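See below for coords-v2.cif, which holds mmCIF, C-alpha atoms.
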data_my_file
loop_
_atom_site.group_PDB
_atom_site.id
_atom_site.type_symbol
_atom_site.label_atom_id
_atom_site.label_comp_id
_atom_site.auth_asym_id
_atom_site.auth_seq_id
_atom_site.Cartn_x
_atom_site.Cartn_y
_atom_site.Cartn_z
ATOM 1 C CA MET A 1 7.931 -26.444 20.192
ATOM 2 C CA ALA A 2 10.871 -24.155 19.529
ATOM 3 C CA ASN A 3 10.317 -20.552 18.522
ATOM 4 C CA VAL A 4 12.845 -19.617 15.841
ATOM 5 C CA THR A 5 12.580 -15.994 14.659
ATOM 6 C CA ASN A 6 8.831 -15.973 15.280
ATOM 7 C CA ARG A 7 8.201 -19.077 13.211
ATOM 8 C CA ASN A 8 7.187 -22.051 15.270
ATOM 9 C CA ILE A 9 8.778 -25.313 14.202
ATOM 10 C CA THR A 10 6.834 -28.427 15.087
ATOM 11 C CA ASN A 11 8.283 -31.899 14.541
ATOM 12 C CA THR A 12 5.830 -34.744 14.112
ATOM 13 C CA ASN A 13 7.249 -38.297 14.180
ATOM 14 C CA THR A 14 5.033 -40.743 12.315
ATOM 15 C CA THR A 15 7.617 -43.546 12.326
ATOM 16 C CA ASP A 16 11.348 -43.742 12.766
ATOM 17 C CA ARG A 17 11.730 -44.020 8.987
ATOM 18 C CA ASN A 18 9.135 -41.420 8.049
ATOM 19 C CA ARG A 19 9.669 -38.170 9.909
ATOM 20 C CA GLU A 20 7.670 -35.106 8.902
ATOM 21 C CA GLU A 21 8.757 -31.582 9.773
ATOM 22 C CA LYS A 22 6.191 -28.817 9.728
ATOM 23 C CA LEU A 23 6.983 -25.093 9.698
ATOM 24 C CA THR A 24 4.259 -22.686 10.721
ATOM 25 C CA CYS A 25 4.103 -18.949 11.250
ATOM 26 C CA GLY A 26 3.425 -18.026 14.857
ATOM 27 C CA CYS A 27 2.027 -14.612 13.942
ATOM 28 C CA ASP A 28 -1.680 -13.908 14.215
ATOM 29 C CA PHE A 29 -2.879 -11.323 11.714
ATOM 30 C CA SER A 30 -6.580 -11.591 12.537
ATOM 31 C CA GLY A 31 -8.098 -8.274 13.458
ATOM 32 C CA VAL A 32 -5.510 -6.154 11.607
ATOM 33 C CA ARG A 33 -7.109 -2.807 10.874
ATOM 34 C CA PRO A 34 -6.054 -0.212 8.285
ATOM 35 C CA ALA A 35 -3.188 2.072 9.323
ATOM 36 C CA VAL A 36 -5.033 5.356 8.890
ATOM 37 C CA MET A 37 -5.352 8.601 10.802
ATOM 38 C CA ALA A 38 -8.290 8.705 13.204
ATOM 39 C CA LEU A 39 -9.986 11.395 11.125
ATOM 40 C CA PRO A 40 -13.143 11.215 9.024
ATOM 41 C CA TYR A 41 -12.941 10.961 5.252
ATOM 42 C CA PRO A 42 -14.829 13.559 3.223
ATOM 43 C CA PRO A 43 -17.810 12.395 1.191
ATOM 44 C CA ILE A 44 -16.955 11.007 -2.246
ATOM 45 C CA ARG A 45 -18.403 13.507 -4.710
ATOM 46 C CA VAL A 46 -17.342 15.732 -7.599
ATOM 47 C CA ARG A 47 -18.512 19.106 -8.915
ATOM 48 C CA GLU A 48 -18.894 17.798 -12.481
ATOM 49 C CA ARG A 49 -17.633 15.142 -14.852
ATOM 50 C CA ASN A 50 -14.092 15.797 -16.004
ATOM 51 C CA ARG A 51 -12.263 13.065 -17.886
ATOM 52 C CA ALA A 52 -8.917 14.878 -17.606
ATOM 53 C CA TYR A 53 -9.192 14.820 -13.811
ATOM 54 C CA ALA A 54 -10.196 11.159 -13.906
ATOM 55 C CA ASP A 55 -7.121 10.339 -15.982
ATOM 56 C CA LEU A 56 -4.904 12.291 -13.610
ATOM 57 C CA ILE A 57 -6.265 10.431 -10.577
ATOM 58 C CA GLY A 58 -5.970 7.145 -12.473
ATOM 59 C CA VAL A 59 -2.185 7.530 -12.204
ATOM 60 C CA SER A 60 -2.500 7.453 -8.399
ATOM 61 C CA TYR A 61 -4.881 4.502 -8.675
ATOM 62 C CA CYS A 62 -2.690 2.235 -10.828
ATOM 63 C CA GLY A 63 0.365 4.083 -12.122
ATOM 64 C CA ALA A 64 3.989 3.309 -11.315
ATOM 65 C CA VAL A 65 3.655 5.348 -8.116
ATOM 66 C CA SER A 66 0.159 4.399 -7.008
ATOM 67 C CA GLU A 67 -2.047 2.887 -4.365
ATOM 68 C CA LEU A 68 -2.004 -0.422 -6.256
ATOM 69 C CA SER A 69 1.791 -0.504 -6.298
ATOM 70 C CA ALA A 70 2.012 0.453 -2.622
ATOM 71 C CA CYS A 71 -0.522 -2.181 -1.595
ATOM 72 C CA LEU A 72 1.231 -4.999 -3.423
ATOM 73 C CA GLN A 73 4.690 -3.885 -2.315
ATOM 74 C CA TYR A 74 3.553 -3.840 1.334
ATOM 75 C CA ILE A 75 1.996 -7.299 1.011
ATOM 76 C CA ASN A 76 5.159 -8.672 -0.569
ATOM 77 C CA ASN A 77 7.424 -7.097 2.039
ATOM 78 C CA GLU A 78 5.167 -8.219 4.888
ATOM 79 C CA SER A 79 5.340 -11.785 3.629
ATOM 80 C CA ARG A 80 9.125 -11.680 3.502
ATOM 81 C CA MET A 81 9.702 -9.646 6.685
ATOM 82 C CA VAL A 82 7.428 -11.520 9.074
ATOM 83 C CA SER A 83 10.491 -13.424 10.278
ATOM 84 C CA GLN A 84 11.760 -10.119 11.704
ATOM 85 C CA GLY A 85 8.773 -10.031 13.998
ATOM 86 C CA CYS A 86 5.036 -10.135 14.056
ATOM 87 C CA ALA A 87 4.677 -6.462 14.992
ATOM 88 C CA MET A 88 6.520 -5.327 11.866
ATOM 89 C CA GLY A 89 4.472 -7.688 9.699
ATOM 90 C CA ARG A 90 1.214 -6.448 11.242
ATOM 91 C CA THR A 91 2.191 -2.829 10.574
ATOM 92 C CA LEU A 92 3.003 -3.487 6.921
ATOM 93 C CA LEU A 93 -0.232 -5.416 6.482
ATOM 94 C CA ALA A 94 -2.176 -2.561 8.119
ATOM 95 C CA MET A 95 -0.619 -0.112 5.663
ATOM 96 C CA ALA A 96 -1.513 -2.395 2.736
ATOM 97 C CA ILE A 97 -5.139 -2.438 3.911
ATOM 98 C CA ALA A 98 -5.087 1.374 4.090
ATOM 99 C CA GLU A 99 -3.835 1.516 0.494
ATOM 100 C CA MET A 100 -6.719 -0.750 -0.560
ATOM 101 C CA THR A 101 -9.100 1.707 1.112
ATOM 102 C CA HIS A 102 -7.502 4.549 -0.827
ATOM 103 C CA MET A 103 -7.871 2.574 -4.065
ATOM 104 C CA GLN A 104 -11.565 2.106 -3.401
ATOM 105 C CA MET A 105 -12.052 5.852 -2.783
ATOM 106 C CA LEU A 106 -10.082 6.796 -5.893
ATOM 107 C CA ALA A 107 -12.097 4.334 -7.968
ATOM 108 C CA GLU A 108 -15.318 6.004 -6.841
ATOM 109 C CA VAL A 109 -13.934 9.458 -7.689
ATOM 110 C CA ILE A 110 -12.715 8.274 -11.110
ATOM 111 C CA GLY A 111 -16.156 6.814 -11.866
ATOM 112 C CA LEU A 112 -17.957 10.001 -10.818
ATOM 113 C CA LEU A 113 -15.611 12.046 -12.990
ATOM 114 C CA GLY A 114 -16.563 9.888 -15.993
ATOM 115 C CA GLY A 115 -13.387 7.832 -16.155
ATOM 116 C CA ASN A 116 -12.848 4.101 -16.383
ATOM 117 C CA VAL A 117 -11.541 2.118 -13.436
ATOM 118 C CA CYS A 118 -9.012 -0.323 -14.828
ATOM 119 C CA TYR A 119 -5.333 -1.070 -14.565
ATOM 120 C CA THR A 120 -4.382 1.324 -17.336
ATOM 121 C CA ALA A 121 -3.265 4.829 -16.390
ATOM 122 C CA MET A 122 -3.115 7.683 -18.859
ATOM 123 C CA GLN A 123 0.376 9.171 -18.816
ATOM 124 C CA ALA A 124 1.281 12.730 -19.778
ATOM 125 C CA GLY A 125 0.375 13.259 -23.416
ATOM 126 C CA GLY A 126 -2.494 10.765 -23.247
ATOM 127 C CA GLN A 127 -0.332 7.666 -23.634
ATOM 128 C CA PRO A 128 -1.967 4.638 -21.959
ATOM 129 C CA TRP A 129 0.231 2.642 -19.619
ATOM 130 C CA ILE A 130 -0.717 -0.741 -18.133
ATOM 131 C CA TRP A 131 0.291 -1.526 -14.551
ATOM 132 C CA SER A 132 2.761 -4.377 -14.132
ATOM 133 C CA PRO A 133 4.899 -5.823 -11.331
ATOM 134 C CA GLN A 134 7.818 -3.830 -12.753
ATOM 135 C CA CYS A 135 6.335 -0.937 -10.748
ATOM 136 C CA LEU A 136 7.401 -2.642 -7.528
ATOM 137 C CA THR A 137 10.725 -2.182 -5.776
ATOM 138 C CA LEU A 138 11.556 -5.474 -4.052
ATOM 139 C CA PRO A 139 15.045 -5.462 -2.539
ATOM 140 C CA GLU A 140 16.322 -8.489 -0.612
ATOM 141 C CA LYS A 141 17.505 -6.775 2.574
ATOM 142 C CA PHE A 142 14.896 -5.767 5.139
ATOM 143 C CA ASP A 143 16.261 -2.259 5.726
ATOM 144 C CA GLU A 144 16.261 -1.661 1.963
ATOM 145 C CA MET A 145 12.635 -2.850 1.765
ATOM 146 C CA LEU A 146 11.606 -0.267 4.344
ATOM 147 C CA GLN A 147 13.643 2.412 2.543
ATOM 148 C CA ALA A 148 11.891 1.558 -0.741
ATOM 149 C CA ASP A 149 8.505 1.735 1.011
ATOM 150 C CA LEU A 150 9.421 5.118 2.514
ATOM 151 C CA GLU A 151 10.545 6.494 -0.856
ATOM 152 C CA ARG A 152 7.281 5.300 -2.431
ATOM 153 C CA GLU A 153 5.215 7.045 0.273
ATOM 154 C CA LEU A 154 7.118 10.308 -0.169
ATOM 155 C CA ALA A 155 6.713 10.089 -3.953
ATOM 156 C CA VAL A 156 2.970 9.492 -3.735
ATOM 157 C CA ILE A 157 2.575 12.468 -1.357
ATOM 158 C CA ASP A 158 4.362 14.659 -3.923
ATOM 159 C CA GLN A 159 2.150 13.213 -6.676
ATOM 160 C CA TYR A 160 -1.068 13.928 -4.742
ATOM 161 C CA ASN A 161 0.090 17.499 -4.007
ATOM 162 C CA MET A 162 0.770 18.013 -7.732
ATOM 163 C CA GLN A 163 -2.688 16.651 -8.556
ATOM 164 C CA ILE A 164 -4.333 18.987 -6.034
ATOM 165 C CA ARG A 165 -2.619 21.939 -7.729
ATOM 166 C CA ARG A 166 -3.887 20.805 -11.158
ATOM 167 C CA ILE A 167 -7.446 19.822 -10.183
ATOM 168 C CA GLY A 168 -9.978 22.615 -9.822
ATOM 169 C CA ASP A 169 -12.575 20.585 -7.904
ATOM 170 C CA ASP A 170 -12.617 21.193 -4.152
ATOM 171 C CA TYR A 171 -14.546 17.968 -3.507
ATOM 172 C CA VAL A 172 -11.925 15.852 -5.266
ATOM 173 C CA ASN A 173 -9.095 17.776 -3.638
ATOM 174 C CA ALA A 174 -10.582 17.187 -0.178
ATOM 175 C CA VAL A 175 -10.405 13.420 -0.768
ATOM 176 C CA LEU A 176 -6.817 13.656 -2.018
ATOM 177 C CA ALA A 177 -5.800 15.864 0.920
ATOM 178 C CA ARG A 178 -7.270 13.364 3.374
ATOM 179 C CA ILE A 179 -5.427 10.484 1.700
ATOM 180 C CA ILE A 180 -2.196 12.493 2.044
ATOM 181 C CA GLN A 181 -2.728 12.524 5.819
ATOM 182 C CA ASP A 182 -2.745 8.716 5.864
ATOM 183 C CA GLU A 183 0.372 8.624 3.680
ATOM 184 C CA GLN A 184 2.138 10.996 6.090
ATOM 185 C CA TYR A 185 1.183 8.620 8.908
ATOM 186 C CA HIS A 186 2.737 5.765 6.924
ATOM 187 C CA VAL A 187 5.947 7.791 6.591
ATOM 188 C CA MET A 188 6.042 8.116 10.377
ATOM 189 C CA LEU A 189 5.421 4.368 10.863
ATOM 190 C CA LEU A 190 8.112 3.407 8.348
ATOM 191 C CA ARG A 191 10.679 5.735 9.920
ATOM 192 C CA SER A 192 9.866 4.264 13.316
ATOM 193 C CA MET A 193 10.382 0.722 11.987
ATOM 194 C CA MET A 194 13.643 1.771 10.335
ATOM 195 C CA ASP A 195 14.884 3.118 13.663
ATOM 196 C CA THR A 196 14.425 -0.331 15.220
ATOM 197 C CA MET A 197 16.432 -2.177 12.527
#

Starting from the coordinates I provided, produce the structure as structure tokens.
Amino acid sequence: MANVTNRNITNTNTTDRNREEKLTCGCDFSGVRPAVMALPYPPIRVRERNRAYADLIGVSYCGAVSELSACLQYINNESRMVSQGCAMGRTLLAMAIAEMTHMQMLAEVIGLLGGNVCYTAMQAGGQPWIWSPQCLTLPEKFDEMLQADLERELAVIDQYNMQIRRIGDDYVNAVLARIIQDEQYHVMLLRSMMDTM
């Protein structure tokens, strides 16, 4: 077996006339855990129902800059970058799992606030907007993928900070502040990966 850019190529000869080539990924992603800070999350609770807050958080759940977009962008980039190395693929997958965790927490908060968990975010002015793959930034070059991921993380941190300033519920803000810590960790991981490219 030859190892070519972390993809193992196995040739299986069935007959001289009928030769089958099989490509397999040599990376093992079992046991990948979320890339999160080793800090506890606050309990998921709210002071009272507030549909405006739910709509605001819905943007971070499934807006253009959102946990949904980040999760899917990481999965896509991991699938395309695994040839660069298993470690990089594992890190991107771990960040995607963290974003799924954030989505789950935001969904609970939205529900407690009286909002609906769906793939429609309420934009400024109350205009509904449905998530689509157009929210993703999917460049071809690996360094540009990491740059797009970094820009998305920085944008979502800014978005969460804006939401904390607008939301007058300390319970909700504690959840958002804790999510920001994970996003800051992702920024550090992405910059580290970019330094190795």

From the set A:Asn116, A:Ala94, A:Gly126, A:Gly89, which residue has the shortest atom-to-atom contact distance to Met37 in chain A, counting only C-alpha atoms?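 The answer is A:Ala94, which sits nearest to Met37 in chain A.
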
Distance in Å - CA of Gln123 in chain A versus CA of Ile180 in chain A: 21.3 Å

List as a PyMOL selection string the protein and nucleic acid residues near range 136-146 of chain A, meaning an atom at most 8 Å away when all atoms listed in the file are counted, but skip any in the same chain fewer than 4 places from it. chain A and resi 64+69-70+72-73+76-77+81+150+190+193-194+197

Dig up all the protein and nucleic acid residues within 9 Å of (11.2, 6.6, -6.9) in the file frame, using only C-alpha atoms, and format them as a list in words.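 Residues satisfying the cut-off, written out: Val65, Thr137, Ala148, Glu151, Arg152, Leu154 and Ala155 of chain A.
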
Who sits within 10 Å of range 107-115 of chain A, all atoms listed in the file, same chain under 5 positions skipped, as a VMD selection string: chain A and resid 44 to 58 61 101 to 102 171 to 172 175

Excluding range 30-35 of chain A and its own-chain neighbours fewer than 5 positions away, which residues fall within 7 Å of it when counting all atoms listed in the file? Please give them as a compact mmCIF listing (two decimals) with C-alpha atoms, in the frame of the given file.
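The resulting part-v3.txt:
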# COMPACT_ATOMS: atom_id res chain seq x y z
CA ARG A 90 1.21 -6.45 11.24
CA ALA A 94 -2.18 -2.56 8.12
CA MET A 95 -0.62 -0.11 5.66
CA ILE A 97 -5.14 -2.44 3.91
CA ALA A 98 -5.09 1.37 4.09

Could you check the closest approach to Thr196 in chain A for each of A:Glu153, A:Gln134, A:Leu106, A:Met88 and tell me which residue wins, using all atoms listed in the file?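 Closest residue, counting all atoms listed in the file: A:Met88.
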
Within 12 Å of Gln181 in chain A using only C-alpha atoms, minus same-chain residues under 3 positions, as a VMD selection string: chain A and resid 35 to 41 98 102 153 to 154 156 to 157 160 to 161 174 to 178 184 to 188

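Candidate residues A:Cys27, A:Val59, A:Met105, A:Ala87 were compared for distance to Pro128 in chain A, and the nearest is A:Val59, using all atoms listed in the file.
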
Two-atom distance - CA of Ile130 in chain A, CA of Asp170 in chain A (Å): 28.6 Å

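Straight-line separation from CA of Thr120 in chain A to CA of Met103 in chain A: 13.8 Å.
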
Return the single residue from A:Phe29, A:Arg80, A:Asp195, A:Ser66 that is closest to Asp158 in chain A, with distances computed using only C-alpha atoms.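 Of the candidates, the smallest distance to Asp158 in chain A is held by A:Ser66.
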
May I ask which of the residues A:Asp28, A:Asn173, A:Ala124, A:Gly168 is the closest one to Gly85 in chain A, counting all atoms listed in the file?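 That would be A:Asp28, the residue with the smallest distance to Gly85 in chain A.
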
Might I get the box with edges along x, y and z of the file that holds all atoms of range 111-128 of chain A listed there, padded by 6 Å on every side, given as centre and edge lengths in Å to one decimal, as lines of an AutoDock Vina configuration file?
center_x = -8.3
center_y = 6.1
center_z = -17.2
size_x = 31.2
size_y = 26.3
size_z = 24.8

Top pick for closest residue to Trp131 in chain A, considering A:Glu67, A:Glu78, A:Glu183, A:Asp169 and counting all atoms listed in the file: A:Glu67

Please rebuild range 101-112 of chain A with all heavy atoms and return the result as an mmCIF file, in the coordinates of the input.
data_model
loop_
_atom_site.group_PDB
_atom_site.id
_atom_site.type_symbol
_atom_site.label_atom_id
_atom_site.label_comp_id
_atom_site.auth_asym_id
_atom_site.auth_seq_id
_atom_site.Cartn_x
_atom_site.Cartn_y
_atom_site.Cartn_z
ATOM 1 N N THR A 101 -8.028 0.746 0.828
ATOM 2 C CA THR A 101 -9.100 1.707 1.112
ATOM 3 C C THR A 101 -8.962 2.927 0.209
ATOM 4 O O THR A 101 -9.952 3.417 -0.345
ATOM 5 C CB THR A 101 -9.062 2.121 2.601
ATOM 6 O OG1 THR A 101 -9.189 0.953 3.410
ATOM 7 C CG2 THR A 101 -10.156 3.103 2.934
ATOM 8 N N HIS A 102 -7.740 3.406 0.056
ATOM 9 C CA HIS A 102 -7.502 4.549 -0.827
ATOM 10 C C HIS A 102 -7.868 4.210 -2.267
ATOM 11 O O HIS A 102 -8.460 5.034 -2.973
ATOM 12 C CB HIS A 102 -6.037 4.986 -0.760
ATOM 13 C CG HIS A 102 -5.600 5.439 0.595
ATOM 14 N ND1 HIS A 102 -4.275 5.493 0.961
ATOM 15 C CD2 HIS A 102 -6.304 5.861 1.672
ATOM 16 C CE1 HIS A 102 -4.182 5.930 2.201
ATOM 17 N NE2 HIS A 102 -5.405 6.157 2.661
ATOM 18 N N MET A 103 -7.507 3.001 -2.702
ATOM 19 C CA MET A 103 -7.871 2.574 -4.065
ATOM 20 C C MET A 103 -9.374 2.622 -4.272
ATOM 21 O O MET A 103 -9.857 3.092 -5.310
ATOM 22 C CB MET A 103 -7.370 1.151 -4.335
ATOM 23 C CG MET A 103 -5.913 1.035 -4.661
ATOM 24 S SD MET A 103 -5.470 -0.650 -5.127
ATOM 25 C CE MET A 103 -6.220 -0.762 -6.756
ATOM 26 N N GLN A 104 -10.109 2.136 -3.291
ATOM 27 C CA GLN A 104 -11.565 2.106 -3.401
ATOM 28 C C GLN A 104 -12.117 3.530 -3.517
ATOM 29 O O GLN A 104 -12.987 3.802 -4.341
ATOM 30 C CB GLN A 104 -12.148 1.368 -2.185
ATOM 31 C CG GLN A 104 -13.618 1.087 -2.273
ATOM 32 C CD GLN A 104 -14.470 2.223 -1.739
ATOM 33 O OE1 GLN A 104 -14.046 2.993 -0.882
ATOM 34 N NE2 GLN A 104 -15.669 2.332 -2.254
ATOM 35 N N MET A 105 -11.581 4.461 -2.714
ATOM 36 C CA MET A 105 -12.052 5.852 -2.783
ATOM 37 C C MET A 105 -11.701 6.479 -4.129
ATOM 38 O O MET A 105 -12.535 7.164 -4.738
ATOM 39 C CB MET A 105 -11.454 6.670 -1.635
ATOM 40 C CG MET A 105 -12.017 6.287 -0.274
ATOM 41 S SD MET A 105 -11.516 7.391 1.060
ATOM 42 C CE MET A 105 -9.767 7.114 1.119
ATOM 43 N N LEU A 106 -10.482 6.243 -4.597
ATOM 44 C CA LEU A 106 -10.082 6.796 -5.893
ATOM 45 C C LEU A 106 -10.927 6.227 -7.021
ATOM 46 O O LEU A 106 -11.293 6.954 -7.958
ATOM 47 C CB LEU A 106 -8.598 6.524 -6.155
ATOM 48 C CG LEU A 106 -7.592 7.228 -5.242
ATOM 49 C CD1 LEU A 106 -6.170 6.815 -5.600
ATOM 50 C CD2 LEU A 106 -7.753 8.744 -5.288
ATOM 51 N N ALA A 107 -11.251 4.950 -6.935
ATOM 52 C CA ALA A 107 -12.097 4.334 -7.968
ATOM 53 C C ALA A 107 -13.463 5.009 -8.018
ATOM 54 O O ALA A 107 -13.986 5.272 -9.110
ATOM 55 C CB ALA A 107 -12.251 2.836 -7.697
ATOM 56 N N GLU A 108 -14.022 5.303 -6.867
ATOM 57 C CA GLU A 108 -15.318 6.004 -6.841
ATOM 58 C C GLU A 108 -15.198 7.387 -7.468
ATOM 59 O O GLU A 108 -16.059 7.807 -8.241
ATOM 60 C CB GLU A 108 -15.833 6.112 -5.405
ATOM 61 C CG GLU A 108 -16.371 4.815 -4.841
ATOM 62 C CD GLU A 108 -16.997 5.005 -3.475
ATOM 63 O OE1 GLU A 108 -17.598 6.077 -3.223
ATOM 64 O OE2 GLU A 108 -16.894 4.081 -2.649
ATOM 65 N N VAL A 109 -14.135 8.119 -7.128
ATOM 66 C CA VAL A 109 -13.934 9.458 -7.689
ATOM 67 C C VAL A 109 -13.760 9.368 -9.207
ATOM 68 O O VAL A 109 -14.370 10.145 -9.960
ATOM 69 C CB VAL A 109 -12.718 10.149 -7.024
ATOM 70 C CG1 VAL A 109 -12.345 11.428 -7.770
ATOM 71 C CG2 VAL A 109 -12.996 10.453 -5.555
ATOM 72 N N ILE A 110 -12.936 8.438 -9.664
ATOM 73 C CA ILE A 110 -12.715 8.274 -11.110
ATOM 74 C C ILE A 110 -14.039 8.007 -11.823
ATOM 75 O O ILE A 110 -14.330 8.597 -12.867
ATOM 76 C CB ILE A 110 -11.694 7.140 -11.370
ATOM 77 C CG1 ILE A 110 -10.296 7.562 -10.905
ATOM 78 C CG2 ILE A 110 -11.676 6.753 -12.851
ATOM 79 C CD1 ILE A 110 -9.294 6.424 -10.825
ATOM 80 N N GLY A 111 -14.854 7.119 -11.264
ATOM 81 C CA GLY A 111 -16.156 6.814 -11.866
ATOM 82 C C GLY A 111 -17.058 8.031 -11.928
ATOM 83 O O GLY A 111 -17.707 8.293 -12.956
ATOM 84 N N LEU A 112 -17.119 8.797 -10.836
ATOM 85 C CA LEU A 112 -17.957 10.001 -10.818
ATOM 86 C C LEU A 112 -17.469 11.048 -11.818
ATOM 87 O O LEU A 112 -18.269 11.799 -12.378
ATOM 88 C CB LEU A 112 -18.001 10.599 -9.410
ATOM 89 C CG LEU A 112 -18.770 9.803 -8.362
ATOM 90 C CD1 LEU A 112 -18.567 10.420 -6.985
ATOM 91 C CD2 LEU A 112 -20.258 9.738 -8.714
#
